[in-house]
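Take a look at the structure below.
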Amino acid sequence: MASRRLKQILSGLTPPQPPIGVLQLGDISHDIYPAADPSRLPHTEDVLLDTQDAFNLDNLHFMLQKYLLGQDVFLLSQPGPYARRLALTFCRMINTEYEFVALHRDIGETELKQGREIHSGGNLVYVDSAAVRAVKHGRILILEGVEKAERGIMPVLNNLLENREMNLDDGTHIVHPHRYALLDQNEAGSSAFIPAHKNFRVIAIAAPVPPYPGYPLDPPFRSRFQARFVDPMGSLLALARGDVPAPAAPVYQKLRDIILSTQIASESRHTLDAIARSTLPAFPQTSLAKAQVLFSAFPPPDRLSPEQLARLVLSLHPALIHSPFVAWAMLSHQFEDAGLGALGSPNLNGDEDNAGLLGYRLARIEKVDDHTARLFFDGPSGTRVELIAPAGPRAYLPFPFTNPELLGFVPSARFMGLLTSLLQVHALGWDISYVPPALPSTASCSTTLLVRTFSAMLGYELEDVHMYKELGGRELIMRRKVEDGGATTWKPSPLVEGAWQGRLVHLSGMDVIGSTAGSLARLTQDREVELWEKKRIVRRLLEGEVPSPDLSIAHQSFRVISTASKSLPLKDWLSDEHANMFFPIAAQPMSQAEEAHILLQTGCPAPIVDTLLKFADKYRSGMTSDAVQKNRKLGTRSLIRIARRVAQFPADDDLHTLLSRALLADFLPATETMNLQNIFEECGIEKRTPPFNPPPELREGALYFPPTTGPQWKSARPTTIPCFDSAQDPEGVAHIPHMDHFYDNSLQTGLMRDLAIDFEVLGEHLVLLGNQGVGKNKVVDRLCQLLGRPREYIQLHRDTTVNQLMFQTVLENGVIKYTDSPLLRAITLGRVIIIDEADKAAEHVVAIFRSLAGHSQLTLADGRRVRETKEREGDIVVHPNFRLILLANRPGYPFLGNHFLQVLGDNFCCHAVTNPDMASERRLLSQLAPQLSQDLILRLVASFHDLRKAYESGTVTYPYSLRELLNLVRHMQAYPGDSLEVALRNVFDFDVYRPETIAKLAEILDHHGLVVKNLGIGAAREAAQKKVLDVKFEPKGDTKLSEPKYGKDDPDNQAHTGGNTWAGGTGGRDTAGLGGRGGYMRLFKGHDIKQIPDALKNDVPEHIKERAREMARQELARRLEELNMSAGEAKGYTTLFEAVEGHIAQLHDLLENLAAREEERVWVKRQTDGELDDSRLTEGLTGEATVYKRRGMAKPEMGRPQLKPKRIRFLFDVSASMYRFQYDGRLKRSMETAVMLMETFDRLTRKEKYVWDIYGHSGDSASIPLVEAGQDLEIRDRWKVVDKMEMITQYTFAGDYTLEAIDKAVADVARFDADDWFVIAITDANFARYGITAEDLQRVMNRNPKVHTALVCIGEGAEATWIPKNLPGRGYRVANTADIPAVLRSILSTMIDH
């Protein structure tokens, strides 16, 4: 201690190093001193800001003022590199060292204070974070992305900012230097106190919130900084003033002016209301710099074509890809005014498709050395551009292509145009983002093929990194590892390894990690990143420096290409930050001709290819962004799958079945099914009669499927599938499923044949979806048994994590070891793996199967890689026999699963597993229960068939399956003495409180001649009385009846049995109660019911019974009077209600489920208590506290608002024609639909989740209030609403206000502060009569892009065949008015659950 104190005294006497110069900035002079550690100085000389620029100097002057005052600075800047480069320029200007922290949602206290490591020998060592190093050594701490840090994290630094004090985990305390100087000798000599360096400063950087997404600043944290807003105009211009001189081309000068004027125009935008979202957004911060570099390297022609202009604009401003059309129109108008011409369509039109940016075409590529290539481009005006670009050490794929037919792909004009654009951007020194189209369903954009061809043409070693949602910002850069001796260390991620080795790193699925991607901005823009334990990658070494373990540089050839999974809408991830990190290239889907060429290469007949493409075009154009989250996209890969199937099995040319299977048509909402059938009709694709499939046989080592038979299947042939050779997997014999009984039937045999062809012959991975109990597991196990295929099995659930799918984690003697999961065993040994309940796990967990099925690739958390072929030591090679089979319930209500199909893309072959047809079901049941009569089996099968139809139509709410019928028949076979009522209770006791189901069941059973006396509660009570609980209460004393009466109310609500006094008793007489006799009404007060004997109950004189009936009638009349309703009105409302009772139950359950799902708890990580998080076991070994996870409410994604209500308006047609033509039921069905809506929303437990109203439109008015938002509706009020609807139709004048009603509804709804907005309208307008065109409807329905609209056309309106074509996914023709409630329920369900 004494020596330490002496050292401190001597250091105080030692004169400081002399300054190396004086900085004069305006009116400020500042001495510049040498850096103690030059390796911590900025190494980005070539990207630092120009210190001769007045805008930069003004900002630097402010920062120097604050630095000299000892104050910390907060730079508020639009997303982009300017603020970071400004901070680094300041550090370089005053020659001070810096530390850097890129903040993101996973940053915690450890990253801001101290981490823990176990070194060799088991010693625990505390490692200072960048913030602690900065305060100890007097460096500037740069905190970038403050708006991304979750609430409660930044206040960790509050005391450090305010008082320069911080308590560290190793027991030491950082104290203010003045406070340290006042410590006595013992305190100062103690190693517990460390003085904060007097030169320590903080520069925080954030985008202002709002208008940009992020978390608002914590007031105490904010108050400790001096703010500086960075003018976006100045930063745009400053970044463009680099070493590259401004191009003289007039096109560039005009484009520059447009970018700047758009920025000025956008600055007032954020003060407007939410409708301002449709205006033109500002260009990203780097757009002008990109344009300058591009135009300098590739001199543009005097005039660009409209298509070239459009593609250029999308590269500079990719947010326009998903912006409303009005934004594109506004920008096009600016281009016209500037003399550049209007913006054309960025889509391909057959002209200049093979050209890249600014019309250039790739001429040839030459190899210069192992890391450099020379690229030659031909310009549109005959100019030749030659550029040196980074490259890899491998052999190049020669270009021009010498043998295009041997490439394995088609180098179409579209493909070459996109490839040229990628190479141009690469030569300019930018990383690339290949941005998918905004349209939800298109032909292939050749994403993977483009990346691989780009890599091969430049000799790169390609590193694919597949993103998943759980991936944190730290895991993108490094991963934890425990050495054999138990020491903990860090290893570089594939991205960092790629930076060191000069690889091309493909970040696949960049969209799924959200704002975390921003933590890579410094790496992509400046080629710098902070690693672990003081290690840092810098842009270049300073003079005299050599690489060291702490200081390294990224290889000059290192490049990044990011692509998206297309599972999320562009608006959710394509932010300004992303646009600034990369040079975006807008993807172009294949043209129909190119897609046709690829399909014909499979050997599929040309007429079938033409029909497939005609269907695909109509289907894709009709898909909306709302529907795409749940419906199948019909991508090129799906069409290739169908074409291959037809080519190899020509008899399987039933396109209706093949396309329905690919689209999972059996599970589409009613409205989508209607549209799909219309497309089938337009394309001439007819539905065939299903064939009969004889049972399969095992013949000579193969599974033999006999030819199918049927009137339309004359050309069918047998199918032979070779069985699995057990010698390939001797240990797998124990994994072959064994089934003692499987009852063959036509439908499931046909399904097995299809599955066998897909995964054994065509090599596809499978998804099987279906209701519960339809035999998904049984069919797959039976097929594996017949083929002798070993299989592994994993069942997913809501808590399944990505790590658990990859391996099981074991801790042995303080060392973490990983045991391969069943998935990895199946991959290695070539087995089939069943992933059951795939819809129950989180979508981001299931998403890892996308890359595995599509590209045979997977990156494991322990650093290993799964690859198709062995590329490096440690790679796990996918066995050619490996197959994935995912099992899940059908999407949507009532299965409560996740919409996981959207994250899988087109990489799986989908099969809908349905209940067997009636013939198959009869055959199966006859094999199961041969003692039951065929007549009874037929009646039961027909009854369940009708129950399933009732579910599809919305009459009942449960999808009764084969499983329930099998269990029913098993019971009847085993216990023939039990009546049908008793057996039915096994299935239908679940529904005792669903009277609509019991009533429908009774109706169906009666229709099929099955006599059942009691169902539901009646059957349960009767059985109890007959068999078990025949408990009787024999009253003592007087049992005579006098006159029915109500009785007295007991204020204490005691149980009363017998007597003639109390209301609500049991086993009594005359009074209101239960279990007695002679009363006029039932009354239950929550007590056990004592039932008097039936003989005594039946012994009631007739005059007493009549008196009781009269009192009951009087009570009903009193209730109706209380409700202000007549008996006729009550009957009328009941009739309407009963017609839609099943729809009410389904819609109510769906809306309740959505509300519950919004509040569903998820795993919240980095907690100090809860369950141990297996992904943070290494941190647990080092003693960190935040190694637990706990179920909690999911936090909204950064920038998303807290959940607000959904605003909905329903528009009903109450015009004169509704009354005039009511013979077709249109008016009655509309009134029933209104009842369905009112009853459903009234029953919701979370009514505040939905703000809804009902308006009408007639020939007199466009806005007739029927139900106002927030209005409480009693039964009488609901009746008055439907009565008013009918009355208006009687008295209104002829005319139509459909357009005006929709227009006003959209405007009204948009004004409400909600998180989603909907308008659903019904009309029977004769569009031709009133001169209403498709353009008119599109105009009002697209009035505000944020409002989702739908139009249901009935009556004369349904005759307009152009409605679904011109309003894809939003316009519906309902010819049968009986379908109106079902269609509107389907529309509402689909729109809200998007």
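Letters for chains follow the order of the structure tokens (A, B, ...), residue numbers begin at 1 for each chain, and ligand numbers begin at 1 in the order shown.
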
Quiz item: Got a sec: who's within 9 Å of Ala319 (chain A), counting only C-alpha atoms, leaving out chain neighbours fewer than 5 positions off, as a ChimeraX atom specification?
Solution: /A:281,283,314,570-571,574-576,579

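Shell of Trp430 (chain A) at 9 Å, with only C-alpha atoms counted and residues fewer than 4 places along the chain excluded, is A:Lys290, A:Val425, A:His426, A:Thr524, A:Gln525, A:Arg559, A:Val560, A:Met581, A:Phe582, A:Phe583.
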
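In terms of minimum interatomic distance to Arg384 (chain A), A:Arg364 ranks closest within A:His104, A:Thr1289, A:Asp369, A:Arg364, counting only C-alpha atoms.
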
Exercise. Could you please write out, as a list in words, every residue of region 92-170 of chain A that DSSP assigns to helix (DSSP H, G or I)?
Key: Arg92, Met93, Glu109, Thr110, Glu111, Leu112, Ala130, Ala131, Val132, Arg133, Ala134, Val135, Lys136, His137, Val146, Glu147, Lys148, Met154, Pro155, Val156, Leu157, Asn158, Asn159, Leu160, Leu161, Glu162 and Asn163 of chain A

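Counting only C-alpha atoms and comparing A:Glu461, A:Met154, A:Thr372, A:Arg394, the residue that lies closest to Ala427 (chain A) is A:Thr372.
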
Practice problem: Write out as a list of chain:residue names the residues lying within 6 Å of Ile1264 (chain A), counting only C-alpha atoms and excluding same-chain residues fewer than 2 positions away. | Solution: A:Tyr1255, A:Gly1256, A:His1257

Save the residues we just selected, C-alpha atoms, as a JSON list (two decimals), in the first residue's frame?
[["chain", "number", "residue", "atom", "x", "y", "z"],
["A", 1255, "TYR", "CA", -73.54, 2.36, -40.30],
["A", 1256, "GLY", "CA", -75.97, 2.04, -43.17],
["A", 1257, "HIS", "CA", -76.11, 3.58, -46.64]]

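Shortest separation to Gly459 (chain A) among A:Ile833, A:Leu966, A:Leu504, A:Cys1353 occurs at residue A:Leu504, atoms counted being only C-alpha atoms.
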
Quiz item: If we count only C-alpha atoms, what is near Pro737 (chain A) at a cut-off of 12 Å, once residues fewer than 5 positions away on the same chain are taken out, given as a list in words?
Solution: Gly732, Asn777, Lys778, Val779, Val780, Asp781, Arg782, Leu783, Cys784, Gln785, Leu786, Leu787, Gly788, Arg789, Pro790, Arg791, Glu792, Tyr793, Val832, Ile833 and Ile834 of chain A

Quiz prompt | Which of A:Gly341, A:Pro79, A:Gly977, A:Gly138 sits closest to Thr96 (chain A) [using only C-alpha atoms] | solution = A:Gly138

Quiz prompt | Non-local contacts of Glu981 (chain A) (7 Å; only C-alpha atoms; under 2 positions in same chain excluded) as a PyMOL selection string | solution = chain A and resi 979+983-985+1012+1014-1015+1019

Convert the current residue selection to file output with C-alpha atoms, as a CSV table (one decimal), in the first residue's frame.
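What ended up in again38.csv:
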chain,number,residue,atom,x,y,z
A,979,SER,CA,-77.2,-47.3,-25.5
A,983,ALA,CA,-71.8,-43.9,-26.1
A,984,LEU,CA,-72.3,-40.4,-27.6
A,985,ARG,CA,-71.6,-38.8,-24.3
A,1012,VAL,CA,-81.6,-40.6,-29.4
A,1014,ASN,CA,-81.7,-37.2,-24.7
A,1015,LEU,CA,-78.5,-35.3,-25.5
A,1019,ALA,CA,-78.5,-37.3,-21.3

Quiz prompt | Close residues, Leu664 (chain A) itself excluded, 8 Å, only C-alpha atoms, min 2 positions apart in chain, as a ChimeraX atom specification | solution = /A:632,660-662,666-668,910-912

Residue subset to file, keeping C-alpha atoms, as a compact mmCIF listing (two decimals), in the first residue's frame:
# COMPACT_ATOMS: atom_id res chain seq x y z
CA ARG A 632 -49.46 -20.23 -49.24
CA SER A 660 -55.00 -27.38 -54.17
CA ARG A 661 -52.43 -29.42 -52.28
CA ALA A 662 -49.68 -26.85 -52.85
CA ASP A 666 -58.76 -27.31 -47.78
CA PHE A 667 -57.76 -24.88 -45.04
CA LEU A 668 -58.28 -21.54 -46.76
CA CYS A 910 -47.25 -29.47 -48.32
CA HIS A 911 -50.04 -32.00 -47.86
CA ALA A 912 -53.43 -31.36 -46.33

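A straight line drawn from CA of Pro1364 (chain A) to CA of Thr673 (chain A) is 12.3 Å long.
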
Quiz prompt | Shortest interatomic distance to Ala1360 (chain A) - which of A:Lys1131, A:Ala1325, A:Glu366, A:Pro1381, counting only C-alpha atoms | solution = A:Ala1325

Quiz prompt | Exercise: Ser557 (chain A) partners within 12 Å, only C-alpha atoms, chain neighbours under 4 positions left out, as a ChimeraX atom specification | solution = /A:369-373,388-393,426-427,429-431,455,458-462,498-505,527,553
